[in-house]
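See below for my_file_9.csv, which holds CSV, C-alpha atoms and all ligand atoms.
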chain,number,residue,atom,x,y,z
A,1,MET,CA,48.9,-124.6,17.4
A,2,ALA,CA,47.3,-127.0,19.9
A,3,THR,CA,45.5,-129.9,18.3
A,4,GLN,CA,42.8,-132.2,19.5
A,5,ALA,CA,43.3,-135.9,20.3
A,6,ASN,CA,44.2,-138.2,17.5
A,7,LYS,CA,41.1,-139.3,15.5
A,8,GLY,CA,42.8,-141.7,13.2
A,9,LYS,CA,43.8,-140.9,9.6
A,10,ALA,CA,42.0,-139.0,7.0
A,11,LEU,CA,42.8,-139.8,3.4
A,12,ILE,CA,42.2,-136.8,1.2
A,13,THR,CA,42.3,-136.9,-2.6
A,14,GLY,CA,43.2,-133.7,-4.5
A,15,ALA,CA,45.0,-132.3,-1.4
A,16,SER,CA,47.8,-130.5,-3.3
A,17,SER,CA,45.7,-127.3,-3.8
A,18,GLY,CA,42.4,-125.6,-3.3
A,19,ILE,CA,39.6,-127.2,-1.3
A,20,GLY,CA,41.5,-130.4,-0.6
A,21,ALA,CA,44.5,-128.5,0.9
A,22,VAL,CA,42.1,-126.6,3.2
A,23,TYR,CA,40.5,-129.9,4.3
A,24,ALA,CA,44.0,-131.1,5.1
A,25,ASP,CA,44.6,-128.0,7.2
A,26,ARG,CA,41.3,-128.2,9.1
A,27,LEU,CA,41.4,-131.9,9.6
A,28,ALA,CA,45.0,-131.8,10.9
A,29,ARG,CA,43.9,-129.1,13.4
A,30,ARG,CA,41.0,-131.4,14.4
A,31,GLY,CA,43.4,-134.1,15.4
A,32,TYR,CA,43.6,-136.3,12.3
A,33,ASP,CA,46.8,-137.7,10.8
A,34,LEU,CA,46.7,-137.3,7.1
A,35,ILE,CA,47.3,-139.2,3.9
A,36,LEU,CA,47.4,-136.7,1.1
A,37,VAL,CA,46.9,-137.9,-2.5
A,38,ALA,CA,47.3,-136.0,-5.8
A,39,ARG,CA,49.7,-135.9,-8.8
A,40,ASN,CA,51.7,-132.8,-7.9
A,41,VAL,CA,54.4,-133.9,-5.4
A,42,LYS,CA,55.7,-130.4,-4.9
A,43,GLY,CA,52.2,-129.2,-3.9
A,44,LEU,CA,51.6,-132.2,-1.7
A,45,THR,CA,55.0,-131.7,0.0
A,46,ASP,CA,54.4,-128.0,0.7
A,47,VAL,CA,51.1,-128.8,2.3
A,48,ALA,CA,52.5,-131.7,4.3
A,49,GLU,CA,55.6,-129.8,5.6
A,50,ARG,CA,53.6,-126.8,6.7
A,51,LEU,CA,51.0,-129.0,8.5
A,52,THR,CA,53.5,-131.2,10.2
A,53,ARG,CA,55.3,-128.1,11.4
A,54,GLU,CA,52.2,-126.2,12.5
A,55,THR,CA,50.1,-129.1,14.0
A,56,GLY,CA,52.6,-131.9,14.8
A,57,ARG,CA,50.3,-134.4,13.1
A,58,HIS,CA,51.7,-137.2,11.0
A,59,VAL,CA,51.2,-136.3,7.3
A,60,GLU,CA,52.1,-138.7,4.5
A,61,ILE,CA,51.9,-137.9,0.8
A,62,VAL,CA,51.1,-140.4,-1.9
A,63,ALA,CA,51.6,-139.4,-5.5
A,64,ALA,CA,48.9,-140.8,-7.7
A,65,ASP,CA,47.0,-140.0,-10.9
A,66,LEU,CA,43.5,-141.1,-10.3
A,67,THR,CA,42.8,-141.4,-14.0
A,68,VAL,CA,45.3,-144.2,-14.1
A,69,LYS,CA,43.8,-147.5,-12.9
A,70,ALA,CA,47.1,-148.8,-11.5
A,71,ASP,CA,47.4,-145.7,-9.3
A,72,THR,CA,43.8,-145.8,-8.2
A,73,ARG,CA,44.2,-149.5,-7.3
A,74,ARG,CA,47.2,-148.6,-5.0
A,75,ILE,CA,45.0,-146.1,-3.1
A,76,GLU,CA,42.2,-148.7,-3.0
A,77,GLU,CA,44.5,-151.2,-1.5
A,78,ARG,CA,45.6,-148.8,1.2
A,79,LEU,CA,42.0,-148.0,2.1
A,80,ARG,CA,41.2,-151.7,2.3
A,81,THR,CA,44.1,-152.6,4.5
A,82,ASP,CA,44.9,-149.7,6.7
A,83,SER,CA,42.4,-149.8,9.6
A,84,SER,CA,43.7,-146.6,11.1
A,85,ILE,CA,42.0,-144.7,8.2
A,86,THR,CA,38.8,-143.3,9.7
A,87,MET,CA,37.9,-140.7,7.1
A,88,LEU,CA,37.9,-140.5,3.3
A,89,VAL,CA,37.5,-137.2,1.6
A,90,ASN,CA,36.8,-137.7,-2.1
A,91,ASN,CA,37.8,-134.3,-3.3
A,92,ALA,CA,40.0,-134.7,-6.4
A,93,GLY,CA,38.0,-133.5,-9.4
A,94,VAL,CA,38.2,-131.5,-12.5
A,95,GLY,CA,35.5,-129.4,-14.3
A,96,ALA,CA,34.7,-128.1,-17.7
A,97,THR,CA,32.9,-125.0,-19.0
A,98,ALA,CA,32.5,-125.6,-22.7
A,99,SER,CA,29.4,-127.1,-24.2
A,100,LEU,CA,29.4,-130.8,-25.2
A,101,ILE,CA,29.8,-130.2,-28.9
A,102,ASP,CA,32.7,-127.8,-28.3
A,103,SER,CA,34.5,-130.3,-25.9
A,104,ASP,CA,37.2,-132.8,-26.5
A,105,VAL,CA,35.4,-136.1,-25.6
A,106,ASP,CA,38.7,-137.7,-24.5
A,107,GLU,CA,39.0,-135.0,-21.9
A,108,LEU,CA,35.4,-135.6,-20.8
A,109,ASP,CA,36.2,-139.3,-20.6
A,110,LYS,CA,39.1,-138.5,-18.2
A,111,MET,CA,36.8,-136.3,-16.2
A,112,ILE,CA,34.4,-139.2,-15.7
A,113,GLU,CA,37.3,-141.5,-14.8
A,114,LEU,CA,38.4,-139.0,-12.0
A,115,ASN,CA,35.1,-137.6,-10.8
A,116,VAL,CA,33.1,-140.8,-11.0
A,117,THR,CA,35.1,-144.0,-11.5
A,118,ALA,CA,38.0,-143.3,-9.1
A,119,LEU,CA,35.6,-141.8,-6.5
A,120,THR,CA,33.5,-144.9,-6.7
A,121,ARG,CA,36.4,-147.3,-6.4
A,122,LEU,CA,37.9,-145.5,-3.4
A,123,THR,CA,34.6,-145.4,-1.7
A,124,ALA,CA,33.9,-149.1,-2.4
A,125,ALA,CA,37.4,-149.9,-1.0
A,126,ALA,CA,36.9,-147.8,2.2
A,127,VAL,CA,33.3,-148.5,3.3
A,128,PRO,CA,33.4,-152.2,4.1
A,129,GLY,CA,36.1,-151.6,6.7
A,130,PHE,CA,34.2,-148.6,8.1
A,131,VAL,CA,31.1,-150.8,8.4
A,132,GLU,CA,33.1,-153.6,10.0
A,133,ARG,CA,34.5,-151.2,12.6
A,134,ALA,CA,31.3,-149.2,12.8
A,135,ASN,CA,33.4,-146.1,12.5
A,136,GLY,CA,34.1,-144.0,9.4
A,137,ILE,CA,33.3,-140.8,7.6
A,138,VAL,CA,33.1,-140.3,3.9
A,139,ILE,CA,32.9,-136.8,2.6
A,140,ASN,CA,32.2,-136.5,-1.1
A,141,ILE,CA,32.8,-133.2,-2.9
A,142,SER,CA,30.0,-132.8,-5.4
A,143,SER,CA,28.9,-129.3,-6.7
A,144,ILE,CA,25.9,-127.1,-7.0
A,145,VAL,CA,25.9,-128.1,-10.7
A,146,ALA,CA,24.6,-131.5,-9.5
A,147,LEU,CA,21.3,-129.6,-9.2
A,148,SER,CA,21.8,-127.3,-12.1
A,149,PRO,CA,22.6,-129.1,-15.4
A,150,GLU,CA,22.2,-125.9,-17.3
A,151,THR,CA,25.3,-124.4,-15.6
A,152,LEU,CA,28.8,-125.1,-17.0
A,153,ASN,CA,29.4,-128.3,-18.9
A,154,GLY,CA,26.7,-131.1,-18.8
A,155,THR,CA,29.2,-133.9,-18.3
A,156,TYR,CA,30.7,-132.1,-15.3
A,157,SER,CA,27.2,-131.6,-14.0
A,158,GLY,CA,26.4,-135.3,-14.6
A,159,THR,CA,29.5,-136.4,-12.7
A,160,LYS,CA,28.6,-134.3,-9.7
A,161,ALA,CA,25.0,-135.5,-9.8
A,162,TYR,CA,26.4,-139.0,-9.7
A,163,VAL,CA,28.4,-138.0,-6.6
A,164,LEU,CA,25.3,-136.7,-4.9
A,165,ASN,CA,23.2,-139.8,-5.8
A,166,LEU,CA,25.9,-142.2,-4.7
A,167,THR,CA,26.2,-140.4,-1.4
A,168,GLN,CA,22.5,-140.5,-0.8
A,169,SER,CA,22.3,-144.1,-1.8
A,170,LEU,CA,25.3,-145.0,0.5
A,171,HIS,CA,23.7,-143.2,3.4
A,172,HIS,CA,20.6,-145.3,2.8
A,173,GLU,CA,22.7,-148.5,2.7
A,174,VAL,CA,25.2,-148.0,5.5
A,175,GLY,CA,24.2,-144.8,7.4
A,176,GLY,CA,22.8,-146.9,10.2
A,177,LYS,CA,26.0,-148.9,10.5
A,178,GLY,CA,28.3,-146.4,12.1
A,179,VAL,CA,29.3,-144.7,8.8
A,180,GLN,CA,28.7,-141.0,8.4
A,181,LEU,CA,28.2,-139.7,4.8
A,182,GLN,CA,28.2,-136.2,3.5
A,183,ALA,CA,27.9,-134.8,0.0
A,184,VAL,CA,29.2,-131.2,-0.2
A,185,LEU,CA,27.8,-129.0,-3.0
A,186,PRO,CA,30.1,-126.0,-3.2
A,187,GLY,CA,29.1,-123.1,-5.4
A,188,ALA,CA,31.8,-121.2,-7.2
A,189,THR,CA,34.9,-121.3,-5.0
A,190,SER,CA,38.1,-119.4,-5.7
A,191,THR,CA,40.6,-122.1,-6.6
A,192,ALA,CA,42.8,-123.2,-9.5
A,193,PHE,CA,39.7,-125.2,-10.6
A,194,TRP,CA,38.5,-122.4,-12.8
A,195,ASP,CA,41.7,-121.8,-14.7
A,196,ARG,CA,41.9,-125.6,-15.3
A,197,ALA,CA,38.3,-125.7,-16.4
A,198,GLY,CA,38.9,-122.9,-19.0
A,199,LEU,CA,37.3,-119.9,-17.3
A,200,ALA,CA,39.3,-117.5,-15.0
A,201,VAL,CA,37.6,-117.1,-11.7
A,202,GLU,CA,38.0,-113.3,-12.0
A,203,HIS,CA,35.4,-113.4,-14.8
A,204,LEU,CA,32.7,-114.5,-12.3
A,205,PRO,CA,30.7,-111.9,-10.3
A,206,ALA,CA,32.6,-111.5,-7.0
A,207,GLN,CA,29.3,-111.9,-5.0
A,208,ILE,CA,28.9,-115.5,-6.1
A,209,VAL,CA,32.5,-116.7,-5.3
A,210,MET,CA,33.4,-118.1,-1.9
A,211,THR,CA,36.9,-118.6,-0.5
A,212,ALA,CA,37.9,-122.3,-0.2
A,213,GLU,CA,38.5,-121.6,3.5
A,214,ASP,CA,34.9,-120.3,4.1
A,215,MET,CA,33.5,-123.2,2.1
A,216,VAL,CA,35.3,-125.9,4.0
A,217,ASP,CA,34.7,-124.4,7.4
A,218,ALA,CA,31.0,-124.2,6.6
A,219,ALA,CA,31.0,-127.8,5.4
A,220,LEU,CA,32.7,-129.0,8.5
A,221,VAL,CA,30.1,-127.2,10.7
A,222,ALA,CA,27.5,-129.1,8.7
A,223,LEU,CA,29.4,-132.4,9.2
A,224,ASP,CA,29.4,-131.8,12.9
A,225,GLN,CA,25.7,-131.4,12.7
A,226,GLY,CA,25.4,-134.7,10.9
A,227,GLU,CA,24.1,-133.2,7.7
A,228,LEU,CA,23.9,-135.5,4.7
A,229,VAL,CA,23.7,-133.0,1.9
A,230,THR,CA,25.4,-129.6,2.4
A,231,ILE,CA,25.1,-126.6,0.2
A,232,PRO,CA,27.3,-124.0,1.9
A,233,SER,CA,25.9,-121.0,0.0
A,234,LEU,CA,22.2,-121.8,0.4
A,235,PRO,CA,20.7,-119.3,2.8
A,236,ASP,CA,17.6,-121.3,3.7
A,237,ALA,CA,18.1,-125.1,4.3
A,238,ALA,CA,14.3,-125.5,3.9
A,239,ASP,CA,14.6,-124.8,0.2
A,240,TRP,CA,16.8,-128.0,-0.2
A,241,GLU,CA,14.5,-129.9,2.1
A,242,ARG,CA,11.4,-129.0,0.0
A,243,PHE,CA,13.3,-130.0,-3.2
A,244,ASN,CA,14.3,-133.3,-1.7
A,245,SER,CA,10.9,-134.1,-0.3
A,246,ALA,CA,9.3,-133.4,-3.7
A,247,ARG,CA,11.7,-136.0,-5.1
A,248,LEU,CA,10.8,-138.5,-2.4
A,249,GLN,CA,7.1,-137.9,-3.1
A,250,LEU,CA,7.6,-139.1,-6.6
A,251,GLN,CA,8.9,-142.5,-5.5
A,252,PRO,CA,5.6,-144.4,-5.1
A,253,ASN,CA,4.6,-143.5,-8.6
A,254,LEU,CA,7.8,-144.0,-10.5
A,255,SER,CA,7.1,-147.6,-11.5
A,256,HIS,CA,3.7,-149.0,-12.5
A,257,LYS,CA,2.4,-151.8,-14.6
A,258,VAL,CA,0.6,-149.5,-17.0
A,259,PRO,CA,1.6,-146.2,-18.6
A,260,ALA,CA,0.1,-143.0,-17.2
A,261,GLN,CA,-3.3,-142.1,-18.6
A,262,ARG,CA,-1.9,-139.1,-20.6
A,263,TYR,CA,0.3,-141.5,-22.7
A,264,THR,CA,-2.6,-143.8,-23.8
A,265,ARG,CA,-3.8,-143.5,-27.4
A,266,THR,CA,-7.3,-142.6,-26.4
A,267,SER,CA,-6.2,-139.6,-24.5
A,268,ALA,CA,-3.7,-138.4,-27.1
A,269,ALA,CA,-4.7,-135.5,-29.3
A,270,VAL,CA,-5.1,-136.6,-33.0
A,301,LIG,P1,41.8,-127.5,-7.6
A,301,LIG,O1,42.5,-126.5,-6.8
A,301,LIG,O2,42.1,-127.5,-9.1
A,301,LIG,O3,42.0,-128.9,-6.9
A,301,LIG,C1,41.8,-130.1,-7.6
A,301,LIG,C2,42.6,-131.2,-6.9
A,301,LIG,O4,42.4,-132.4,-7.6
A,301,LIG,C3,44.1,-130.8,-7.0
A,301,LIG,O5,44.7,-131.2,-5.7
A,301,LIG,C4,44.6,-131.8,-8.1
A,301,LIG,O6,45.9,-132.2,-7.8
A,301,LIG,C5,43.6,-132.9,-7.9
A,301,LIG,N1,43.6,-133.7,-9.2
A,301,LIG,C6,43.2,-133.2,-10.4
A,301,LIG,N2,43.4,-134.2,-11.3
A,301,LIG,C7,43.8,-135.3,-10.6
A,301,LIG,C8,44.2,-136.6,-11.0
A,301,LIG,N3,44.1,-137.0,-12.3
A,301,LIG,N4,44.6,-137.5,-10.0
A,301,LIG,C9,44.7,-137.1,-8.7
A,301,LIG,N5,44.4,-135.9,-8.3
A,301,LIG,C10,43.9,-135.0,-9.3
A,301,LIG,O7,40.2,-127.2,-7.5
A,301,LIG,P2,39.2,-127.3,-6.3
A,301,LIG,O8,38.2,-126.2,-6.5
A,301,LIG,O9,39.9,-127.3,-5.0
A,301,LIG,O10,38.5,-128.7,-6.6
A,301,LIG,C11,38.3,-129.7,-5.6
A,301,LIG,C12,36.9,-130.3,-5.8
A,301,LIG,O11,35.9,-129.3,-5.6
A,301,LIG,C13,36.7,-130.9,-7.2
A,301,LIG,O12,36.1,-132.1,-7.1
A,301,LIG,C14,35.7,-129.9,-7.9
A,301,LIG,O13,34.9,-130.5,-8.8
A,301,LIG,C15,34.9,-129.4,-6.7
A,301,LIG,N6,34.2,-128.1,-6.8
A,301,LIG,C16,34.9,-127.0,-7.0
A,301,LIG,C17,34.2,-125.8,-7.2
A,301,LIG,C18,35.0,-124.5,-7.5
A,301,LIG,O14,34.3,-123.5,-7.9
A,301,LIG,N7,36.3,-124.4,-7.3
A,301,LIG,C19,32.8,-125.8,-7.1
A,301,LIG,C20,32.2,-127.0,-6.9
A,301,LIG,C21,32.9,-128.2,-6.7
A,301,LIG,P3,47.0,-132.5,-8.9
A,301,LIG,O15,46.9,-131.5,-10.0
A,301,LIG,O16,48.3,-132.3,-8.0
A,301,LIG,O17,46.8,-133.9,-9.2
Could you take the file, read its structure, and then write that structure out as structure tokens?
Ligand code: NAP
Amino acid sequence: MATQANKGKALITGASSGIGAVYADRLARRGYDLILVARNVKGLTDVAERLTRETGRHVEIVAADLTVKADTRRIEERLRTDSSITMLVNNAGVGATASLIDSDVDELDKMIELNVTALTRLTAAAVPGFVERANGIVINISSIVALSPETLNGTYSGTKAYVLNLTQSLHHEVGGKGVQLQAVLPGATSTAFWDRAGLAVEHLPAQIVMTAEDMVDAALVALDQGELVTIPSLPDAADWERFNSARLQLQPNLSHKVPAQRYTRTSAAV
């Protein structure tokens, strides 16, 4: 298949399967060379060999467990020193479906390490170079549970809310300096994620489950439109805009010298 001109390298975490593997496919066809990161070398190799064959792009694989600090540091170093990297896709992540009291807290801790800590470290490693060169894109894969703490596991929701907040904050900090940010909030997407999180995707109503291909293609259309927060399933973008502007309207009143009148003793019911 014909590809577009080289756009530099995209480093994609969690590219051995699911959403990350589809990003690898689509970005290679858009003209990016790739650095694919995950633990499963066989999965990475399969993706890399197919894409090299089909697109002619240069595809490198790097085996790393992003819950292991030494591995994450290796990827950070690469992001800091390789100026040919023009895009970071923070996609690697795991979920959970059990309630907090039914969860193994060590597993939740590992989830935070992957979904939050590694994502933060990789972003912090990549962005200074992007700013210096006034050229770079960071795509952070969040989730609709960022907006819906009552859905699935609360720690998972919290990690994805973090990803959304960090992306919005970074856009505020460096969006005007040549760095494009996007938080993608997929709804249920048919990948291995569900089995790994403890709930087979077949148990979800089919009408709420999107293919990874449709999800990524929609998110890339939104990226091309310069959208900061993308909810591929949401029919009416105005719903998100209303939600976000309600949040922004709170801002001037979130910090005051005195408590709100309703919390003073005189106004409290006895
Ligand atoms: P997936 O097929 O299970 O992919 C997860 C990817 O993350 C795999 O490539 C996996 O590779 C990698 N990964 C997991 N643990 C890792 C670790 N310790 N170190 C490095 N890489 C690791 O599921 P997916 O649906 O594509 O998930 C991708 C992202 O989408 C996640 O952030 C997830 O939270 C988000 N998301 C998914 C859905 C959904 O319904 N599927 C909805 C909203 C958001 P290895 O196992 O080879 O390491």
Near-Thr97 (chain A) list (8 Å; only C-alpha atoms; drop same-chain fewer than 5 positions) as a list in words: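 Those residues are Leu152, Asn153, Ala197, Gly198 and Leu199 of chain A.
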Protein and nucleic acid residues within 6 Å of ligand LIG 301 (chain A) (only C-alpha atoms and all ligand atoms) as a ChimeraX atom specification: /A:14-20,38-40,64-67,91-95,141-143,186-193
Distance in Å - CA of Val62 (chain A) versus CA of Met111 (chain A):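 Separation between CA of Val62 (chain A) and CA of Met111 (chain A): 20.6 Å.
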Residue neighbourhood region 165-182 of chain A, 7 Å, all atoms listed in the file, exclusion window fewer than 6 positions, as a ChimeraX atom specification: /A:130-131,134-140,223,227-229
Write out the residues from the selection above, keeping C-alpha atoms, as a compact mmCIF listing (two decimals), keeping the file's coordinate frame.
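After the write, out_16.txt holds the following:
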# COMPACT_ATOMS: atom_id res chain seq x y z
CA PHE A 130 34.20 -148.60 8.10
CA VAL A 131 31.10 -150.80 8.40
CA ALA A 134 31.30 -149.20 12.80
CA ASN A 135 33.40 -146.10 12.50
CA GLY A 136 34.10 -144.00 9.40
CA ILE A 137 33.30 -140.80 7.60
CA VAL A 138 33.10 -140.30 3.90
CA ILE A 139 32.90 -136.80 2.60
CA ASN A 140 32.20 -136.50 -1.10
CA LEU A 223 29.40 -132.40 9.20
CA GLU A 227 24.10 -133.20 7.70
CA LEU A 228 23.90 -135.50 4.70
CA VAL A 229 23.70 -133.00 1.90
Minimum-distance residue to Arg50 (chain A), chosen among A:Ala28, A:Val37, A:Asp71, A:Glu76 (using all atoms listed in the file): A:Ala28
Nearest residue to Ala70 (chain A) from the set A:Pro232, A:Gln261, A:Asp217, A:Arg121 (distances using all atoms listed in the file):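 Of A:Pro232, A:Gln261, A:Asp217, A:Arg121, the one nearest Ala70 (chain A) is A:Arg121, counting all atoms listed in the file.
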For Ser99 (chain A): contacts at 12 Å, all atoms listed in the file, fewer than 5 positions along chain excluded, given as a list in words: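 Counting all atoms listed in the file, the residues come to Asp104, Val105, Leu108, Pro149, Glu150, Thr151, Leu152, Asn153, Gly154, Thr155, Tyr156, Ser157, Ala197 and Gly198 of chain A.
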Residue nearest Lys69 (chain A) among A:Leu122, A:Met87, A:Leu185, A:Ala48 (counting only C-alpha atoms): A:Leu122
Pick from A:Ser103, A:Thr72, A:Thr266, A:Ser83, whichever lies nearest to Thr120 (chain A) using only C-alpha atoms: A:Thr72
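As for CA of Lys9 (chain A) and CA of Arg26 (chain A), they are spaced 13.0 Å apart.
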Interatomic distance, CA of Asp224 (chain A) to CA of Asp25 (chain A) (Å, one decimal):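 That distance, rounded to one decimal, is 16.7 Å.
Among A:Val22, A:Ile75, A:Leu164, A:Asp102, the residue with the shortest atom-to-atom distance to Ala124 (chain A), counting all atoms listed in the file, is A:Ile75.
Among A:Lys110, A:Arg29, A:Lys7, A:Arg262, the residue with the shortest atom-to-atom distance to Ser84 (chain A), counting all atoms listed in the file, is A:Lys7.
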Selection: 12 Å around Leu51 (chain A), all atoms listed in the file, excl. self and same-chain fewer than 5 positions, as a PyMOL selection string: chain A and resi 1+3+21-36+44-46+56-61
Please extract region 251-260 of chain A and write it out with all heavy atoms, as a compact mmCIF listing (two decimals), in the first residue's frame.
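Wrote it out as result-v8.txt, contents follow:
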# COMPACT_ATOMS: atom_id res chain seq x y z
N GLN A 251 -14.69 27.61 38.19
CA GLN A 251 -13.33 28.04 38.54
C GLN A 251 -13.24 29.29 39.41
O GLN A 251 -12.57 29.27 40.44
CB GLN A 251 -12.48 28.21 37.28
CG GLN A 251 -11.64 26.99 37.00
CD GLN A 251 -10.77 27.16 35.77
OE1 GLN A 251 -10.71 28.20 35.14
NE2 GLN A 251 -10.07 26.09 35.43
N PRO A 252 -13.93 30.39 39.08
CA PRO A 252 -13.74 31.61 39.89
C PRO A 252 -14.22 31.46 41.33
O PRO A 252 -13.87 32.28 42.19
CB PRO A 252 -14.60 32.66 39.16
CG PRO A 252 -15.08 32.04 37.91
CD PRO A 252 -14.85 30.58 37.97
N ASN A 253 -15.00 30.43 41.61
CA ASN A 253 -15.59 30.27 42.95
C ASN A 253 -15.04 29.08 43.72
O ASN A 253 -15.57 28.72 44.76
CB ASN A 253 -17.11 30.13 42.83
CG ASN A 253 -17.77 31.49 42.70
OD1 ASN A 253 -17.36 32.44 43.38
ND2 ASN A 253 -18.75 31.59 41.83
N LEU A 254 -13.97 28.48 43.22
CA LEU A 254 -13.48 27.26 43.88
C LEU A 254 -12.54 27.55 45.05
O LEU A 254 -12.22 26.65 45.82
CB LEU A 254 -12.78 26.35 42.85
CG LEU A 254 -13.73 25.71 41.83
CD1 LEU A 254 -12.95 24.92 40.79
CD2 LEU A 254 -14.74 24.79 42.51
N SER A 255 -12.10 28.79 45.16
CA SER A 255 -11.20 29.13 46.27
C SER A 255 -11.52 30.53 46.77
O SER A 255 -11.38 31.50 46.02
CB SER A 255 -9.74 29.04 45.79
OG SER A 255 -8.87 29.22 46.88
N HIS A 256 -11.98 30.61 48.05
CA HIS A 256 -12.33 31.90 48.66
C HIS A 256 -11.79 31.93 50.09
O HIS A 256 -11.59 30.87 50.71
CB HIS A 256 -13.85 32.09 48.70
CG HIS A 256 -14.45 32.47 47.37
ND1 HIS A 256 -14.02 33.55 46.64
CD2 HIS A 256 -15.46 31.90 46.66
CE1 HIS A 256 -14.73 33.63 45.52
NE2 HIS A 256 -15.61 32.64 45.50
N LYS A 257 -11.62 33.13 50.62
CA LYS A 257 -11.11 33.31 51.99
C LYS A 257 -12.10 32.75 53.02
O LYS A 257 -11.72 32.21 54.04
CB LYS A 257 -10.89 34.81 52.23
CG LYS A 257 -10.26 35.15 53.55
CD LYS A 257 -10.05 36.66 53.61
CE LYS A 257 -9.81 37.09 55.03
NZ LYS A 257 -8.47 37.43 55.32
N VAL A 258 -13.38 32.87 52.71
CA VAL A 258 -14.38 32.44 53.70
C VAL A 258 -15.21 31.29 53.14
O VAL A 258 -15.41 31.18 51.93
CB VAL A 258 -15.33 33.61 54.08
CG1 VAL A 258 -14.57 34.69 54.84
CG2 VAL A 258 -16.01 34.18 52.85
N PRO A 259 -15.70 30.42 54.05
CA PRO A 259 -16.54 29.31 53.58
C PRO A 259 -17.85 29.84 53.00
O PRO A 259 -18.28 30.94 53.31
CB PRO A 259 -16.84 28.50 54.86
CG PRO A 259 -15.93 29.01 55.90
CD PRO A 259 -15.52 30.40 55.51
N ALA A 260 -18.47 29.04 52.20
CA ALA A 260 -19.78 29.41 51.64
C ALA A 260 -20.79 29.57 52.77
O ALA A 260 -20.70 28.89 53.82
CB ALA A 260 -20.24 28.32 50.68
